[in-house]
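Dropping data.txt in here (compact mmCIF, C-alpha atoms):
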```
# COMPACT_ATOMS: atom_id res chain seq x y z
CA MET F 1 -34.18 15.95 67.90
CA LEU F 2 -34.22 12.47 66.33
CA LYS F 3 -35.47 13.94 63.05
CA LYS F 4 -32.61 16.48 63.08
CA GLN F 5 -30.00 13.74 63.70
CA SER F 6 -31.54 11.57 60.96
CA PHE F 7 -31.44 14.52 58.58
CA ILE F 8 -27.78 15.25 59.42
CA PHE F 9 -26.88 11.57 59.07
CA ALA F 10 -28.70 11.33 55.69
CA PHE F 11 -27.02 14.54 54.50
CA ALA F 12 -23.58 13.29 55.58
CA LEU F 13 -24.17 9.93 53.90
CA LEU F 14 -25.33 11.62 50.70
CA SER F 15 -22.30 13.96 50.75
CA PHE F 16 -19.93 11.03 51.31
CA THR F 17 -21.54 9.06 48.44
CA LEU F 18 -21.27 12.05 46.10
CA CYS F 19 -17.60 12.62 46.98
CA LEU F 20 -16.84 8.94 46.51
CA SER F 21 -18.60 8.93 43.10
CA LEU F 22 -16.61 11.98 41.98
CA ALA F 23 -13.33 10.40 43.12
CA ILE F 24 -14.09 7.17 41.22
CA ALA F 25 -15.05 9.15 38.09
CA LYS F 26 -11.79 11.13 38.34
CA ASP F 27 -9.75 7.92 38.69
CA ASN F 28 -11.51 6.45 35.62
CA ASP F 29 -10.82 9.62 33.61
CA THR F 30 -7.16 9.56 34.68
CA ALA F 31 -6.84 5.87 33.74
CA SER F 32 -8.56 6.49 30.41
CA ALA F 33 -6.29 9.45 29.65
CA ALA F 34 -3.23 7.41 30.60
CA SER F 35 -4.19 4.52 28.31
CA SER F 36 -4.97 6.86 25.40
CA SER F 37 -1.56 8.51 25.76
CA VAL F 38 0.25 5.19 25.28
CA PRO F 39 1.49 5.24 21.68
CA SER F 40 1.33 2.46 19.15
CA VAL F 41 4.80 0.97 18.70
CA LEU F 42 6.29 0.37 15.24
CA VAL F 43 8.00 -3.04 15.48
CA HIS F 44 8.66 -3.73 11.79
CA ALA F 45 8.89 -1.68 8.60
CA SER F 46 10.17 -2.85 5.23
CA MET F 47 10.02 -2.37 1.49
CA CYS F 48 9.18 -5.46 -0.50
CA GLU F 49 8.05 -6.80 -3.89
CA ARG F 50 4.83 -8.36 -2.57
CA VAL F 51 2.77 -8.91 0.57
CA GLU F 52 1.26 -12.32 1.25
CA LEU F 53 -0.67 -13.17 4.42
CA LEU F 54 0.50 -9.83 5.86
CA ALA F 55 4.16 -10.84 5.48
CA PRO F 56 6.74 -9.10 3.26
CA LEU F 57 8.09 -11.11 0.32
CA ASN F 58 11.45 -10.29 -1.27
CA GLN F 59 12.48 -7.42 0.97
CA ALA F 60 15.03 -5.20 -0.74
CA VAL F 61 16.44 -1.71 -1.16
CA ALA F 62 16.43 -1.83 -4.98
CA PHE F 63 13.48 -2.84 -7.17
CA SER F 64 13.35 -3.37 -10.91
CA VAL F 65 10.82 -1.21 -12.73
CA LYS F 66 9.76 -4.48 -14.42
CA ARG F 67 8.25 -5.62 -11.10
CA ASP F 68 5.37 -3.17 -11.70
CA GLN F 69 4.80 -2.56 -7.97
CA VAL F 70 6.63 -1.96 -4.69
CA PHE F 71 5.14 -2.21 -1.19
CA CYS F 72 5.79 -0.56 2.17
CA LEU F 73 4.71 -2.85 5.04
CA THR F 74 4.50 -1.80 8.70
CA THR F 75 3.62 -3.75 11.86
CA PHE F 76 2.62 -2.15 15.16
CA ASN F 77 2.52 -3.90 18.53
CA PRO F 78 0.92 -2.91 20.79
CA VAL F 79 -1.89 -0.81 19.36
CA PRO F 80 -3.70 0.37 22.52
CA GLN F 81 -6.59 2.02 20.69
CA GLN F 82 -7.90 2.50 17.18
CA THR F 83 -5.83 5.08 15.34
CA TYR F 84 -4.07 5.51 12.01
CA VAL F 85 -0.64 5.92 10.45
CA TYR F 86 0.60 7.63 7.30
CA HIS F 87 2.85 6.23 4.55
CA THR F 88 4.17 9.23 2.62
CA TRP F 89 5.97 8.33 -0.63
CA PHE F 90 8.66 10.58 -2.13
CA GLN F 91 10.65 10.35 -5.37
CA ARG F 92 13.77 12.52 -5.43
CA ASP F 93 12.31 14.61 -2.55
CA LYS F 94 9.09 15.21 -4.49
CA LEU F 95 5.87 14.17 -2.74
CA ILE F 96 4.16 11.46 -4.80
CA LYS F 97 1.54 9.89 -2.53
CA ILE F 98 0.16 10.06 1.02
CA LYS F 99 -1.72 7.00 2.26
CA ARG F 100 -3.64 7.08 5.55
CA LEU F 101 -3.91 3.56 6.98
CA PRO F 102 -5.96 2.37 9.97
CA LEU F 103 -4.47 0.63 13.02
CA ASN F 104 -6.65 -1.48 15.30
CA PRO F 105 -5.94 -3.11 18.70
CA PRO F 106 -4.23 -5.15 19.90
CA ARG F 107 -1.67 -5.59 17.06
CA TRP F 108 -1.87 -4.47 13.43
CA THR F 109 -0.02 -4.90 10.14
CA THR F 110 -0.76 -2.63 7.21
CA PHE F 111 0.78 -1.73 3.87
CA SER F 112 0.64 0.63 0.92
CA SER F 113 2.07 0.38 -2.58
CA ILE F 114 2.85 2.26 -5.76
CA GLN F 115 2.65 1.20 -9.40
CA LEU F 116 6.03 1.48 -11.12
CA ARG F 117 6.59 3.18 -14.48
CA GLN F 118 9.73 3.90 -16.46
CA ALA F 119 9.67 7.50 -15.18
CA ASP F 120 9.97 6.18 -11.61
CA ILE F 121 13.58 5.04 -11.97
CA GLY F 122 15.75 6.66 -9.31
CA PRO F 123 15.90 7.20 -5.54
CA TRP F 124 12.77 6.97 -3.37
CA TYR F 125 11.85 7.01 0.29
CA VAL F 126 8.77 6.46 2.42
CA GLU F 127 8.18 8.38 5.63
CA ILE F 128 6.09 6.57 8.25
CA ASN F 129 4.30 9.03 10.56
CA ASP F 130 1.86 8.58 13.39
CA ARG F 131 -1.51 10.32 13.70
CA GLU F 132 0.10 13.43 15.24
CA GLY F 133 2.66 13.65 12.43
CA HIS F 134 5.63 12.34 14.43
CA LEU F 135 8.17 10.66 12.18
CA LEU F 136 8.55 7.00 13.15
CA LYS F 137 10.86 5.76 10.38
CA ILE F 138 12.20 6.52 6.90
CA LEU F 139 12.67 3.67 4.43
CA ARG F 140 14.95 4.43 1.47
CA PHE F 141 15.00 2.43 -1.75
CA SER F 142 15.74 2.72 -5.47
CA VAL F 143 13.86 1.82 -8.59
CA THR F 144 16.19 0.47 -11.31
CA GLU F 145 15.97 -0.67 -14.95
```
Output the file's structure as structure tokens, nothing else.
Amino acid sequence: MLKKQSFIFAFALLSFTLCLSLAIAKDNDTASAASSSVPSVLVHASMCERVELLAPLNQAVAFSVKRDQVFCLTTFNPVPQQTYVYHTWFQRDKLIKIKRLPLNPPRWTTFSSIQLRQADIGPWYVEINDREGHLLKILRFSVTE
């Protein structure tokens, strides 16, 4: 009889331990899924003539073609997990360039640029999209003489 009670007790203890382990694993999966669903937040986006020490210099909405280059700078905070963002450059609604840029926790600043030529004079915009393709912001600017 004592062996039977010991067996039942051991079986009950093993069952309880297994159920507890499964519950903890489920909670960890739920917490992990919740943290991965938290999006990176775009806190700053600008067009500028240069980037120095991850800061925009000479932010503007019109850039002389003589400047040779224009930059799109974006800052995300928080960045809960490693991901990426897209800078998609358009001239007069014509796709010119797509740049995939990494984002790393906990906060990240990144940028892309284009070289300017005489043929680039006119209206431009950059779409900033997250990894899933959701539009975060559109920055409009012009290239002038």
For Phe90 (chain F), list every protein, DNA or RNA residue within 8 Å, evaluated using all atoms listed in the file, and leave out those in the same chain fewer than 3 positions away; present the list as a ChimeraX atom specification. /F:93-97,124-126
Axis-aligned box over every listed atom of region 121-137 of chain F, padded by 3 Å per side: centre and edges in Å to one decimal, as lines of an AutoDock Vina configuration file?
```
center_x = 7.2
center_y = 9.3
center_z = 1.6
size_x = 23.4
size_y = 14.6
size_z = 33.2
```
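Checking F:Val41, F:Val143, F:Leu53, F:Ile98 one by one against Ile121 (chain F), counting only C-alpha atoms, you find the shortest gap at F:Val143.
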Just want the 9 Å neighbourhood of region 61-74 of chain F, counted on all atoms listed in the file, with same-chain residues fewer than 6 positions away dropped. Output as a ChimeraX atom specification. /F:42-51,54-55,87,108-118,120-121,126,128,139-145
One number please: CA of His134 (chain F) to CA of Leu101 (chain F), in Å, one decimal.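 CA of Leu101 (chain F) lies at a distance of 15.0 Å from CA of His134 (chain F).
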Please report the interatomic distance between CA of Ser37 (chain F) and CA of Tyr84 (chain F) in Å with one decimal. 14.3 Å
Determine, counting all atoms listed in the file, which protein, DNA and RNA residues have an atom within 8 Å of an atom of Glu127 (chain F); residues of the same chain fewer than 6 positions away are not included. Present the result as a ChimeraX atom specification. /F:86-89,135-139
